[in-house]
Amino acid sequence: MSLLGAAVAAPIGLLLGLLVPGLIARVPEPDEPADDKVPYAVIAARPGLLWQAAFGCGLIAGLIGAALGQDWSLLFLLPLVPVGFALGLIDWRTRLLPTRIIAPTYVVLVPLVVLAALLAGDPRLLIGAAVGWLVMGGYYLLMWVIYPPGVGYGDVRLSGILGIVLGYLGWGPLALGSFAGLLLGGLGSLVLVALRLIDKQENPFGPWMLIGALVGIILGPAFGTWAWGDLAG
């Protein structure tokens, strides 16, 4: 654990979290929204969202910084924290993952990943990022083709982003982050349905994918060392 990494990352995450309400408010409504869809402007204007997003993003960024230390991967991980927070909240409230947020995220993420690998002096990290995108993105694409009601295409788009990030960090984060998302999604939906907090058809999968990826980022390196030793990275 790196206290210095946490001290550096947490304030950055807190400041970036202040952007979350504006990010959500700028998402355009679908051409044919469902009758019960909560407008994005309503989500963005929720009382307390500004400080909740700032605190949440600061905490998440601090955990990432503590786990990874002063690593060049923070160059792309920290900007993803408010994006992931916004996507998770939107999906939870609307069961949608807007392309308006996900598409620009790819445009920003890929150059930052390349830059981080070059600054780290290890271009091979890009191979891991590409493999992670193919493995995780391909798996969710396959699930969407086999059973579209269970996995939305927004989940497929999001899985590519998470796969790039987790694959860059190594086999341990990729394996644990992917599995944790699936496990949490299954168990979480069962618990929420049992508590009658949601209907079976209302369980959004995006938040579970994001939480699983966070687990992979934080615990994945240790998991990789335990599972594969030096081969995991």
# chains A, B, ... in the order shown; residues from 1 in each chain; ligands from 1
>>> select_by_dssp(residues="stretch 87-160 of chain A", states="alpha helix (DSSP H)", output="PyMOL selection string")
chain A and resi 87-94+99-119+125-146+153-160
>>> residues_around(residues="stretch 8-16 of chain A", least_positions_apart="3", cutoff="12 Å", atoms="only C-alpha atoms", output="NGL selection string")
:A and (2-5 or 19-23 or 50-86)
>>> residues_around(residues="stretch 35-42 of chain A", least_positions_apart="3", cutoff="7 Å", atoms="only C-alpha atoms", output="list in words")
Ile24, Ala25, Val27, Ala45, Arg46, Arg93 and Thr94 of chain A
>>> residues_around(residues="A:Ala180", least_positions_apart="2", cutoff="10 Å", atoms="only C-alpha atoms", output="PyMOL selection string")
chain A and resi 174-178+182-186+208-216
>>> residues_around(residues="A:Gly172", least_positions_apart="5", cutoff="6 Å", atoms="only C-alpha atoms", output="JSON, numbers by chain")
{"A": [220, 221, 223, 224, 232]}
>>> closest_residue(among="A:Leu219, A:Leu96, A:Leu119, A:Val113", to="A:Pro33", atoms="only C-alpha atoms")
A:Leu96
>>> closest_residue(among="A:Val191, A:Phe205, A:Gly160, A:Val131", to="A:Ala103", atoms="only C-alpha atoms")
A:Gly160
>>> closest_residue(among="A:Ile161, A:Ile43, A:Leu18, A:Ala7", to="A:Val108", atoms="only C-alpha atoms")
A:Ile161
>>> atom_distance(atom1="atom CA of A:Gly181", atom2="atom CA of A:Ile127")
22.6 Å
>>> atom_distance(atom1="atom CA of A:Ile164", atom2="atom CA of A:Gly128")
7.7 Å
